[in-house]
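**Q** Sharing my_file29.txt, compact mmCIF, C-alpha atoms and all ligand atoms:
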```txt
# COMPACT_ATOMS: atom_id res chain seq x y z
CA MET A 103 11.38 11.93 1.96
CA SER A 104 12.94 9.50 4.41
CA SER A 105 11.03 6.58 5.85
CA PRO A 106 9.16 7.30 9.08
CA LYS A 107 11.16 6.96 12.31
CA PRO A 108 9.08 6.29 15.40
CA SER A 109 10.07 8.51 18.33
CA SER A 110 11.45 7.02 21.54
CA SER A 111 8.02 6.88 23.19
CA GLU A 112 6.43 5.01 20.31
CA SER A 113 6.97 1.88 18.30
CA VAL A 114 5.23 0.45 15.28
CA GLN A 115 5.04 -3.27 14.57
CA SER A 116 3.30 -5.04 11.79
CA ALA A 117 1.66 -8.17 13.16
CA SER A 118 0.52 -10.86 10.73
CA ARG A 119 -2.36 -8.71 9.48
CA ASP A 120 -2.84 -5.80 11.84
CA SER A 121 -0.32 -3.07 12.54
CA VAL A 122 -0.02 -1.98 16.11
CA ALA A 123 1.73 1.07 17.54
CA THR A 124 2.54 1.78 21.17
CA LEU A 125 2.50 5.37 22.34
CA ASP A 126 3.18 6.34 25.95
CA GLY A 127 2.33 2.78 26.96
CA VAL A 128 -1.00 2.76 25.09
CA GLU A 129 -1.34 0.16 22.35
CA LEU A 130 -3.11 1.40 19.22
CA LYS A 131 -4.44 -0.79 16.43
CA LEU A 132 -3.74 1.03 13.19
CA ALA A 133 -6.06 1.34 10.20
CA HIS A 134 -5.18 -0.32 6.89
CA PRO A 135 -3.83 1.88 4.12
CA TYR A 136 -5.87 2.26 0.93
CA GLN A 137 -4.40 0.04 -1.78
CA ALA A 138 -6.32 0.67 -5.04
CA PRO A 139 -4.50 2.11 -8.06
CA GLY A 140 -4.84 5.84 -8.51
CA GLU A 141 -3.93 7.33 -11.83
CA TRP A 142 -4.44 11.02 -12.54
CA ILE A 143 -5.13 11.85 -16.18
CA GLY A 144 -4.63 15.36 -17.60
CA GLN A 145 -4.57 18.63 -15.56
CA GLY A 146 -0.91 18.14 -14.68
CA GLU A 147 -0.55 21.60 -13.15
CA VAL A 148 -2.92 21.02 -10.22
CA LEU A 149 -1.19 17.70 -9.43
CA LYS A 150 2.18 19.49 -9.39
CA GLN A 151 0.77 22.20 -7.12
CA LEU A 152 -0.49 19.55 -4.70
CA LEU A 153 2.86 17.75 -4.68
CA ALA A 154 4.64 21.07 -4.09
CA CYS A 155 2.58 21.58 -0.90
CA TRP A 156 4.11 18.40 0.52
CA ILE A 157 7.75 19.25 -0.19
CA THR A 158 9.95 20.47 2.65
CA VAL A 159 12.94 22.55 1.58
CA ASP A 160 14.74 22.67 4.92
CA GLU A 161 14.74 20.77 8.22
CA THR A 162 12.79 23.61 9.78
CA ASP A 163 10.28 23.80 6.93
CA LEU A 164 6.76 22.39 7.29
CA PRO A 165 4.50 20.84 4.65
CA LEU A 166 1.23 22.55 3.71
CA THR A 167 -2.22 20.99 3.90
CA PRO A 168 -4.14 22.23 0.86
CA ARG A 169 -7.85 22.15 0.26
CA LEU A 170 -9.01 20.74 -3.04
CA LEU A 171 -12.17 22.40 -4.31
CA GLY A 172 -14.43 21.50 -7.20
CA SER A 173 -17.85 20.26 -8.27
CA PRO A 174 -19.00 16.79 -7.18
CA GLY A 175 -17.46 14.01 -9.26
CA VAL A 176 -14.83 16.23 -10.90
CA GLY A 177 -11.92 14.17 -9.51
CA LYS A 178 -10.82 15.76 -6.20
CA THR A 179 -10.45 12.49 -4.32
CA GLN A 180 -8.79 10.86 -7.31
CA LEU A 181 -6.25 13.70 -7.45
CA ALA A 182 -5.32 13.30 -3.79
CA ILE A 183 -5.03 9.52 -4.18
CA ALA A 184 -2.82 9.90 -7.25
CA ALA A 185 -0.56 12.41 -5.47
CA ALA A 186 -0.06 10.06 -2.51
CA LYS A 187 0.69 7.17 -4.88
CA GLN A 188 3.23 9.27 -6.73
CA GLN A 189 5.00 10.00 -3.46
CA GLY A 190 5.07 6.29 -2.69
CA LEU A 191 3.59 6.95 0.74
CA PRO A 192 0.91 4.84 2.42
CA LEU A 193 -2.47 6.45 1.88
CA TYR A 194 -5.29 6.71 4.40
CA ILE A 195 -8.67 8.18 3.51
CA TYR A 196 -11.02 9.54 6.15
CA GLN A 197 -14.57 10.11 4.94
CA CYS A 198 -15.88 13.12 6.86
CA THR A 199 -19.61 13.32 7.60
CA ALA A 200 -21.93 15.58 9.55
CA ASP A 201 -21.91 12.96 12.35
CA THR A 202 -18.12 12.76 12.69
CA ARG A 203 -17.23 13.41 16.34
CA PRO A 204 -13.79 14.65 17.42
CA GLU A 205 -12.81 11.26 18.85
CA ASP A 206 -13.87 9.45 15.64
CA LEU A 207 -11.14 11.41 13.93
CA LEU A 208 -8.57 10.27 16.48
CA ILE A 209 -8.96 7.13 18.59
CA THR A 210 -12.00 4.93 19.22
CA PRO A 211 -12.16 2.60 22.24
CA VAL A 212 -13.51 -0.84 21.34
CA LEU A 213 -14.52 -3.51 23.83
CA SER A 214 -12.58 -6.67 22.99
CA ARG A 215 -13.79 -10.24 23.54
CA GLY A 216 -11.90 -10.58 26.79
CA GLY A 217 -13.63 -7.49 28.13
CA ASP A 218 -10.54 -5.30 27.71
CA ILE A 219 -10.60 -2.00 25.92
CA ALA A 220 -8.67 -1.92 22.64
CA TYR A 221 -7.83 1.42 21.11
CA HIS A 222 -8.32 1.76 17.37
CA ALA A 223 -6.49 4.58 15.60
CA SER A 224 -8.45 6.39 12.89
CA PRO A 225 -7.07 6.58 9.33
CA LEU A 226 -5.84 10.09 10.21
CA VAL A 227 -3.91 8.99 13.31
CA SER A 228 -2.62 5.93 11.44
CA ALA A 229 -1.20 8.24 8.75
CA MET A 230 0.33 10.48 11.44
CA ILE A 231 2.06 7.52 13.09
CA THR A 232 3.25 5.67 9.99
CA GLY A 233 4.28 8.82 8.12
CA GLY A 234 1.68 8.47 5.39
CA VAL A 235 -0.77 10.72 3.59
CA CYS A 236 -4.24 11.33 4.99
CA VAL A 237 -6.97 12.60 2.72
CA LEU A 238 -9.76 14.14 4.75
CA ASP A 239 -12.44 13.56 2.18
CA GLU A 240 -15.37 15.98 1.92
CA GLY A 241 -14.03 17.96 4.87
CA ASN A 242 -16.75 20.57 4.87
CA ARG A 243 -19.36 17.97 5.82
CA MET A 244 -17.75 17.93 9.27
CA ASN A 245 -18.80 20.34 12.04
CA GLU A 246 -16.67 22.92 13.80
CA LYS A 247 -16.16 20.90 16.97
CA SER A 248 -14.47 18.09 15.08
CA TRP A 249 -12.33 20.54 13.13
CA ALA A 250 -11.26 22.22 16.36
CA SER A 251 -9.60 19.00 17.54
CA LEU A 252 -7.35 19.17 14.45
CA ALA A 253 -6.26 22.79 14.88
CA PRO A 254 -2.88 21.90 16.50
CA LEU A 255 -2.20 19.26 13.85
CA PHE A 256 -2.36 21.71 10.99
CA ASP A 257 -0.08 24.39 12.42
CA ASN A 258 3.53 24.14 13.57
CA ARG A 259 2.56 22.00 16.57
CA ARG A 260 1.73 18.95 14.42
CA TYR A 261 0.06 16.88 17.13
CA VAL A 262 -3.40 15.83 18.28
CA GLU A 263 -4.66 15.05 21.75
CA SER A 264 -6.88 12.05 22.35
CA ILE A 265 -9.02 12.52 25.44
CA VAL A 266 -10.27 8.92 25.24
CA ALA A 267 -6.79 7.33 25.28
CA GLY A 268 -5.26 10.11 27.37
CA ILE A 269 -2.31 10.61 25.05
CA THR A 270 -0.78 13.26 22.83
CA ILE A 271 0.07 11.94 19.38
CA PRO A 272 2.84 13.71 17.45
CA ALA A 273 2.80 13.47 13.67
CA SER A 274 5.76 11.81 11.98
CA PRO A 275 7.85 14.30 9.96
CA ASP A 276 6.69 12.40 6.85
CA PHE A 277 2.99 12.88 7.58
CA ARG A 278 1.16 14.76 4.83
CA ALA A 279 -2.50 15.71 4.40
CA ALA A 280 -5.00 17.22 2.01
CA VAL A 281 -8.67 18.08 2.45
CA THR A 282 -11.24 17.78 -0.32
CA MET A 283 -14.29 20.00 -0.20
CA ASN A 284 -17.54 20.07 -2.08
CA GLN A 285 -19.36 23.15 -3.17
CA ASP A 286 -22.90 21.93 -2.56
CA GLU A 287 -25.38 23.11 0.04
CA SER A 288 -25.31 20.14 2.42
CA THR A 289 -22.10 21.36 4.02
CA PHE A 290 -20.95 23.34 7.05
CA GLU A 291 -19.26 26.68 7.05
CA ILE A 292 -15.74 25.93 8.33
CA PRO A 293 -14.50 28.64 10.71
CA ASP A 294 -11.77 31.00 9.53
CA TYR A 295 -9.14 29.83 12.03
CA ILE A 296 -9.36 26.36 10.47
CA MET A 297 -9.57 27.62 6.89
CA SER A 298 -6.38 29.61 7.46
CA ARG A 299 -4.60 26.33 8.30
CA LEU A 300 -5.82 24.64 5.13
CA GLN A 301 -3.84 26.48 2.51
CA PRO A 302 -3.49 26.87 -0.42
CA THR A 303 -6.80 26.37 -2.23
CA LEU A 304 -6.37 24.23 -5.33
CA ARG A 305 -9.28 24.15 -7.75
CA VAL A 306 -9.99 21.07 -9.81
CA GLY A 307 -11.80 21.98 -13.00
CA PHE A 308 -13.56 19.86 -15.60
CA PRO A 309 -11.21 18.07 -18.02
CA ASN A 310 -10.83 19.12 -21.66
CA LYS A 311 -12.14 16.90 -24.44
CA GLN A 312 -9.00 14.86 -24.92
CA ASP A 313 -8.48 14.26 -21.19
CA GLU A 314 -12.14 13.43 -20.66
CA MET A 315 -11.89 10.77 -23.37
CA ALA A 316 -8.74 9.37 -21.76
CA ILE A 317 -10.43 9.27 -18.31
CA LEU A 318 -13.44 7.36 -19.67
CA GLN A 319 -11.20 4.97 -21.60
CA TYR A 320 -9.09 4.37 -18.51
CA HIS A 321 -12.08 3.45 -16.37
CA LEU A 322 -14.03 1.63 -19.11
CA PRO A 323 -11.40 0.14 -21.45
CA PHE A 324 -14.05 -2.20 -22.91
CA ALA A 325 -16.36 0.62 -24.10
CA GLU A 326 -17.02 0.98 -27.84
CA PRO A 327 -15.54 4.12 -29.47
CA GLU A 328 -19.02 5.35 -30.56
CA MET A 329 -20.35 5.13 -27.00
CA LEU A 330 -17.28 6.90 -25.65
CA ALA A 331 -17.68 9.67 -28.24
CA LEU A 332 -21.36 10.20 -27.39
CA THR A 333 -20.51 10.52 -23.70
CA VAL A 334 -17.55 12.84 -24.16
CA ASP A 335 -19.60 15.11 -26.46
CA PHE A 336 -22.37 15.23 -23.88
CA LEU A 337 -19.99 16.05 -21.02
CA GLN A 338 -18.09 18.69 -22.96
CA HIS A 339 -21.33 20.35 -24.00
CA SER A 340 -22.46 20.39 -20.38
CA HIS A 341 -19.12 21.92 -19.24
CA GLU A 342 -19.49 24.64 -21.90
CA LEU A 343 -22.93 25.45 -20.49
CA LYS A 344 -21.48 25.56 -16.96
CA LEU A 345 -23.62 22.63 -15.82
CA ASP A 346 -22.37 20.22 -13.18
CA PHE A 347 -22.32 16.88 -15.02
CA SER A 348 -19.00 15.30 -14.18
CA PRO A 349 -16.64 12.55 -15.32
CA ARG A 350 -18.27 10.39 -12.63
CA ASP A 351 -21.68 10.95 -14.26
CA GLY A 352 -20.15 9.99 -17.61
CA ILE A 353 -18.61 6.81 -16.19
CA ASN A 354 -21.91 5.77 -14.56
CA LEU A 355 -24.07 6.40 -17.58
CA LEU A 356 -21.68 4.66 -19.92
CA ARG A 357 -21.41 1.68 -17.60
CA PHE A 358 -25.19 1.32 -17.51
CA ALA A 359 -25.51 1.67 -21.29
CA ILE A 360 -22.86 -1.03 -21.83
CA LYS A 361 -24.63 -3.39 -19.44
CA ARG A 362 -27.93 -2.86 -21.24
CA LEU A 363 -26.28 -3.61 -24.58
CA ALA A 364 -24.70 -6.80 -23.25
CA GLN A 365 -27.84 -7.99 -21.52
CA ASP A 366 -29.69 -9.71 -24.33
CA PRO A 367 -27.50 -10.73 -27.27
CA ASP A 368 -30.54 -12.30 -29.04
CA HIS A 369 -32.40 -8.98 -29.19
CA PRO A 370 -29.69 -6.36 -29.58
CA VAL A 371 -30.64 -2.81 -28.66
CA ALA A 372 -29.30 0.03 -30.83
CA GLN A 373 -26.27 1.68 -29.19
CA GLU A 374 -27.82 5.11 -29.46
CA ASP A 375 -31.04 3.92 -27.76
CA ALA A 376 -29.16 2.26 -24.91
CA TRP A 377 -27.10 5.41 -24.44
CA GLN A 378 -30.17 7.70 -24.41
CA GLU A 379 -31.89 5.44 -21.90
CA ALA A 380 -28.81 5.42 -19.66
CA LEU A 381 -28.60 9.20 -19.87
CA GLU A 382 -32.16 9.58 -18.69
CA LYS A 383 -31.96 6.91 -15.98
CA CYS A 384 -28.63 8.07 -14.55
CA LEU A 385 -28.89 11.83 -14.88
CA GLY A 386 -32.62 12.45 -15.07
CA ASP A 387 -34.98 13.89 -17.69
CA GLU A 388 -33.38 17.30 -17.43
CA ALA A 389 -30.12 15.96 -18.92
CA LEU A 390 -31.96 15.26 -22.20
CA ASP A 391 -32.09 18.98 -23.00
CA LEU A 392 -28.96 20.71 -21.75
CA GLU A 393 -29.76 24.13 -23.26
CA SER A 394 -33.08 24.43 -21.40
CA LEU A 395 -31.47 23.17 -18.20
CA ALA A 396 -28.71 25.77 -18.47
CA GLU A 397 -31.28 28.49 -19.07
CA ARG A 398 -33.30 27.46 -16.02
CA ARG A 399 -30.15 27.34 -13.86
CA GLN A 400 -29.17 30.78 -15.08
CA ARG A 401 -32.58 32.14 -14.10
CA THR A 402 -32.44 30.65 -10.59
CA LEU A 403 -28.91 31.95 -10.13
CA GLY A 404 -30.30 35.41 -10.71
CA GLY A 405 -29.36 36.08 -14.35
CA ASP A 406 -32.53 38.13 -14.89
CA SER A 407 -34.06 38.03 -11.45
CA VAL A 408 -35.63 41.00 -9.75
CA PRO A 409 -34.21 42.26 -6.44
CA LEU A 410 -34.94 40.05 -3.43
CA GLY A 411 -38.10 40.78 -1.45
CA LEU A 412 -38.86 39.73 2.12
CA ALA A 413 -40.73 36.64 0.88
CA ASP A 414 -37.58 35.44 -0.94
CA LEU A 415 -35.93 34.94 2.40
CA PHE A 416 -38.55 32.38 3.40
CA PHE A 417 -39.62 30.76 0.14
CA ASP A 418 -37.82 29.14 -2.76
CA PRO A 419 -38.57 31.03 -6.03
CA ASP A 420 -40.43 27.94 -7.35
CA ASP A 421 -42.31 27.32 -4.10
CA PRO A 422 -46.09 27.35 -4.79
CA LEU A 423 -46.51 29.18 -1.46
CA HIS A 424 -44.28 32.07 -2.57
CA PRO A 425 -46.58 35.15 -2.43
CA ASP A 426 -44.94 36.81 -5.48
CA ARG A 427 -44.74 33.65 -7.53
CA ASP A 428 -45.73 34.07 -11.15
CA GLU A 429 -48.05 31.22 -12.20
CA ASP A 430 -46.42 31.22 -15.66
CA ASP A 431 -43.19 29.99 -14.07
CA ASP A 432 -44.57 26.49 -14.31
CA ASP A 433 -44.05 26.23 -18.05
N1 LIG A 501 -8.21 13.22 -13.99
C1 LIG A 501 -8.73 12.03 -13.71
N2 LIG A 501 -8.00 10.90 -13.89
C2 LIG A 501 -8.53 9.69 -13.62
N3 LIG A 501 -9.76 9.49 -13.16
C3 LIG A 501 -10.54 10.56 -12.93
C4 LIG A 501 -10.06 11.89 -13.20
N4 LIG A 501 -11.04 12.78 -12.90
C5 LIG A 501 -12.09 12.06 -12.48
N5 LIG A 501 -11.80 10.72 -12.48
C6 LIG A 501 -12.72 9.63 -12.10
O1 LIG A 501 -14.01 10.20 -11.94
C7 LIG A 501 -14.68 9.66 -10.82
C8 LIG A 501 -15.02 10.75 -9.84
O2 LIG A 501 -13.85 11.26 -9.25
P1 LIG A 501 -13.75 11.59 -7.68
O3 LIG A 501 -14.48 10.57 -6.89
O4 LIG A 501 -12.32 11.82 -7.38
O5 LIG A 501 -14.54 12.97 -7.65
P2 LIG A 501 -14.73 13.99 -6.43
O6 LIG A 501 -14.44 15.33 -6.99
O7 LIG A 501 -13.93 13.54 -5.27
O8 LIG A 501 -16.28 13.84 -6.15
P3 LIG A 501 -17.08 14.13 -4.78
O9 LIG A 501 -17.14 15.62 -4.67
O10 LIG A 501 -18.43 13.56 -5.03
O11 LIG A 501 -16.34 13.47 -3.68
C9 LIG A 501 -13.75 8.60 -10.22
O12 LIG A 501 -14.09 7.35 -10.74
C10 LIG A 501 -12.38 9.03 -10.73
O13 LIG A 501 -11.53 7.95 -10.81
MG MG A 502 -14.53 12.88 -3.39
```
Rewrite the structure of this file - the entire thing - as structure tokens.
Ligand SMILES: Nc1ncnc2c1ncn2[C@@H]1O[C@H](COP(=O)(O)OP(=O)(O)OP(=O)(O)O)[C@@H](O)[C@H]1O
Ligand SMILES: [Mg+2]
**A**
Amino acid sequence: MSSPKPSSSESVQSASRDSVATLDGVELKLAHPYQAPGEWIGQGEVLKQLLACWITVDETDLPLTPRLLGSPGVGKTQLAIAAAKQQGLPLYIYQCTADTRPEDLLITPVLSRGGDIAYHASPLVSAMITGGVCVLDEGNRMNEKSWASLAPLFDNRRYVESIVAGITIPASPDFRAAVTMNQDESTFEIPDYIMSRLQPTLRVGFPNKQDEMAILQYHLPFAEPEMLALTVDFLQHSHELKLDFSPRDGINLLRFAIKRLAQDPDHPVAQEDAWQEALEKCLGDEALDLESLAERRQRTLGGDSVPLGLADLFFDPDDPLHPDRDEDDDD
């Protein structure tokens, strides 16, 4: 891909620290790109699929904006970061939340010291102007109204309109995007007309044993082999049982166990004890017995459940107020 070329109505300058762009006479302060290293270990196919979305094969061709789906902590954000790094493009990450308003995604007016209004471009608009990659992280936490403001960006129009600054912002031909989405319950249903613009769907699965070991070693190069092995075995067992414990959970628990071991050199704790403690403190009591947890999950997911009654619409199966609740469920 070529380097971004500002159009005639815009210019981008990099001041000593802050980059500023001028669009239709409006000066915009740009966000800073994300600089941390981003290596993707294993699952090469999904990385290739993501990179393919961003290729253009002809001057008239357009890049695709895929959605990356997967359980929390499986590596969706990491994958998007690694893809942007591989392309050598500046990377901007926008963390979507339930409170994100349409203008937050675009341009925010800020009162400067002199009493003037300065316009700050969001990470998304900064990526559009500089020809970088924007990762809209956890996109399905954002409501429909905010998504609606992005509809023209993700079809062949490739622009957004900022009401606050009164300008239309065209995306550089080098602008690329991806949206990560979580599959938990604290999310919004994104309307179909937006979903149809976020294609294809790329699923990030749990890593295999070898990759999981490499991921843990990459993030915690100082971890002892025994501690790494305990963690990888635990995670692989949990993946086999279709539980949600992720590489992130493994990294956190291992980090805590290592800190506990290092804490008091005069009274060393056994590695196994420190690891067990970290497991319980990071992932909860239920992580101590994965088989029982998997069985309980299976039951709630309806493995052997009876057909839904009216009460099931209003009460959780374990709710003590559920009229059909079996008292034996407690044990
Ligand atoms: N394949 C991988 N290569 C390198 N690091 C990885 C890989 N998979 C997961 N990780 C690491 O695991 C942790 C969790 O990954 P990440 O934050 O990308 O997950 P996520 O799917 O975006 O989670 P969430 O749904 O909570 O946003 C990070 O520290 C990340 O670096
Ligand atoms: Mg993420």
**Q** Per residue of chain A within 9 Å of ligand MG 502 (chain A), record the nearest atom pair and its distance in Å to one decimal, counting all atoms listed in the file, with rows in chain order and ascending residue number, as a tab-separated table.
**A**
```
residue	atom	partner	partner_atom	distance
A:Pro174	CA	A:MG502	MG	7.0
A:Gly175	CA	A:MG502	MG	6.7
A:Val176	CA	A:MG502	MG	8.2
A:Gly177	CA	A:MG502	MG	6.8
A:Lys178	CA	A:MG502	MG	5.5
A:Thr179	CA	A:MG502	MG	4.2
A:Gln180	CA	A:MG502	MG	7.2
A:Gln197	CA	A:MG502	MG	8.8
A:Asp239	CA	A:MG502	MG	6.0
A:Glu240	CA	A:MG502	MG	6.2
A:Thr282	CA	A:MG502	MG	6.7
A:Met283	CA	A:MG502	MG	7.8
A:Asn284	CA	A:MG502	MG	7.9
```
**Q** From the set A:Gln338, A:Ser248, A:Asn354, A:Thr167, which residue has the shortest atom-to-atom contact distance to ligand LIG 501 (chain A), counting all atoms listed in the file?
**A**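 Closest to ligand LIG 501 (chain A), using all atoms listed in the file: A:Asn354.
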**Q** Padding of 6 Å on every side, edges along x, y and z, all listed atoms of ligand LIG 501 (chain A) included: what centre and edge lengths in Å, to one decimal, does that box have, as AutoDock Vina command-line options?
**A**
```
--center_x -13.2 --center_y 11.5 --center_z -8.8 --size_x 22.4 --size_y 20.3 --size_z 22.3
```
**Q** Report as number ranges by chain which protein, DNA and RNA residues come within 9 Å of ligand LIG 501 (chain A), using only C-alpha atoms and all ligand atoms.
**A** A: 140-146, 170-184, 239-240, 282-286, 306, 308-309, 313-314, 316-318, 320-321, 348-354
**Q** Which residue out of A:Ile209, A:Ala253, A:Ala280, A:Val122 has the minimum interatomic distance to A:His134 when all atoms listed in the file are used?
**A**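 Among the listed residues, the smallest separation from A:His134 belongs to A:Val122.
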**Q** For a test of reading the model, state the distance in Å between atom CA of A:Leu381 and atom CA of A:Ala138, rounded to one decimal.
**A** 28.1 Å
**Q** For A:Leu125, which residue out of A:Val237, A:Met297, A:Leu345, A:Ile271 is the nearest one, using all atoms listed in the file?
**A**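 So, comparing all the options, the nearest one is A:Ile271.
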**Q** List the neighbours of A:Ala267 out to 9 Å using only C-alpha atoms; skip same-chain residues closer than 6 positions along the sequence, and give me the result as a list in words.
**A**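 What passes the distance filter is Val128, Ile209, Thr210, Pro211 and Tyr221 of chain A.
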**Q** Could you please determine the separation between atom CA of A:Lys361 and atom CA of A:Leu395 in Å, to one decimal place?
**A**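 Interatomic distance here is 27.5 Å.
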**Q** Which of these, A:Thr303, A:Ser228, A:Thr162, A:Asn310, has the shortest distance to A:Leu193 once you count only C-alpha atoms?
**A**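 Between A:Thr303, A:Ser228, A:Thr162, A:Asn310, the residue approaching A:Leu193 most closely is A:Ser228.
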**Q** Between atom CA of A:Leu226 and atom CA of A:Ala279, what is the distance in Å, rounded to a tenth?
**A** 8.7 Å
**Q** Given all atoms listed in the file as the basis, pick out the residue of A:Ser251, A:Val235, A:Tyr196, A:Arg278 nearest to A:Leu164.
**A** A:Arg278
**Q** Using all atoms listed in the file, which of A:Phe336, A:Tyr194, A:Phe324, A:Tyr295 sits nearest A:Asp257?
**A**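 Closest to A:Asp257 of all the choices is A:Tyr295.
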**Q** Which residues are near A:Pro293? Cut-off 12 Å, all atoms listed in the file, ignore same chain within fewer than 4 positions. Put them as a short mmCIF file (atom, residue, chain, number, x, y, z; two decimals) with C-alpha atoms, in the frame of the given file.
**A**
```cif
data_model
loop_
_atom_site.label_atom_id
_atom_site.label_comp_id
_atom_site.auth_asym_id
_atom_site.auth_seq_id
_atom_site.Cartn_x
_atom_site.Cartn_y
_atom_site.Cartn_z
CA ASN A 242 -16.75 20.57 4.87
CA MET A 244 -17.75 17.93 9.27
CA ASN A 245 -18.80 20.34 12.04
CA GLU A 246 -16.67 22.92 13.80
CA LYS A 247 -16.16 20.90 16.97
CA SER A 248 -14.47 18.09 15.08
CA TRP A 249 -12.33 20.54 13.13
CA ALA A 250 -11.26 22.22 16.36
CA ALA A 253 -6.26 22.79 14.88
CA MET A 297 -9.57 27.62 6.89
CA SER A 298 -6.38 29.61 7.46
CA ARG A 299 -4.60 26.33 8.30
CA LEU A 300 -5.82 24.64 5.13
#
```
**Q** Saving stretch 162-193 of chain A with C-alpha atoms, as an mmCIF file, in the first residue's frame, what would that file be?
**A**
```
data_model
loop_
_atom_site.group_PDB
_atom_site.id
_atom_site.type_symbol
_atom_site.label_atom_id
_atom_site.label_comp_id
_atom_site.auth_asym_id
_atom_site.auth_seq_id
_atom_site.Cartn_x
_atom_site.Cartn_y
_atom_site.Cartn_z
ATOM 1 C CA THR A 162 -11.722 0.401 -7.876
ATOM 2 C CA ASP A 163 -11.586 -2.311 -5.216
ATOM 3 C CA LEU A 164 -12.421 -1.567 -1.568
ATOM 4 C CA PRO A 165 -11.020 -3.153 1.592
ATOM 5 C CA LEU A 166 -13.313 -5.143 3.887
ATOM 6 C CA THR A 167 -13.913 -4.458 7.569
ATOM 7 C CA PRO A 168 -14.155 -7.846 9.278
ATOM 8 C CA ARG A 169 -15.542 -8.638 12.688
ATOM 9 C CA LEU A 170 -13.389 -10.748 14.951
ATOM 10 C CA LEU A 171 -15.423 -12.983 17.232
ATOM 11 C CA GLY A 172 -14.367 -15.125 20.161
ATOM 12 C CA SER A 173 -14.546 -15.659 23.909
ATOM 13 C CA PRO A 174 -13.149 -12.977 26.242
ATOM 14 C CA GLY A 175 -9.361 -13.093 26.512
ATOM 15 C CA VAL A 176 -8.875 -15.428 23.538
ATOM 16 C CA GLY A 177 -6.738 -12.897 21.623
ATOM 17 C CA LYS A 178 -9.058 -10.877 19.332
ATOM 18 C CA THR A 179 -7.489 -7.508 20.093
ATOM 19 C CA GLN A 180 -4.007 -8.992 19.922
ATOM 20 C CA LEU A 181 -4.778 -10.412 16.471
ATOM 21 C CA ALA A 182 -5.919 -7.045 15.143
ATOM 22 C CA ILE A 183 -2.871 -5.309 16.622
ATOM 23 C CA ALA A 184 -0.532 -7.896 15.096
ATOM 24 C CA ALA A 185 -2.178 -7.546 11.673
ATOM 25 C CA ALA A 186 -1.762 -3.759 11.710
ATOM 26 C CA LYS A 187 1.876 -4.121 12.778
ATOM 27 C CA GLN A 188 2.512 -6.581 9.971
ATOM 28 C CA GLN A 189 1.149 -4.067 7.473
ATOM 29 C CA GLY A 190 3.453 -1.417 8.911
ATOM 30 C CA LEU A 191 0.525 0.962 9.262
ATOM 31 C CA PRO A 192 -0.085 3.270 12.225
ATOM 32 C CA LEU A 193 -2.552 1.654 14.583
#
```
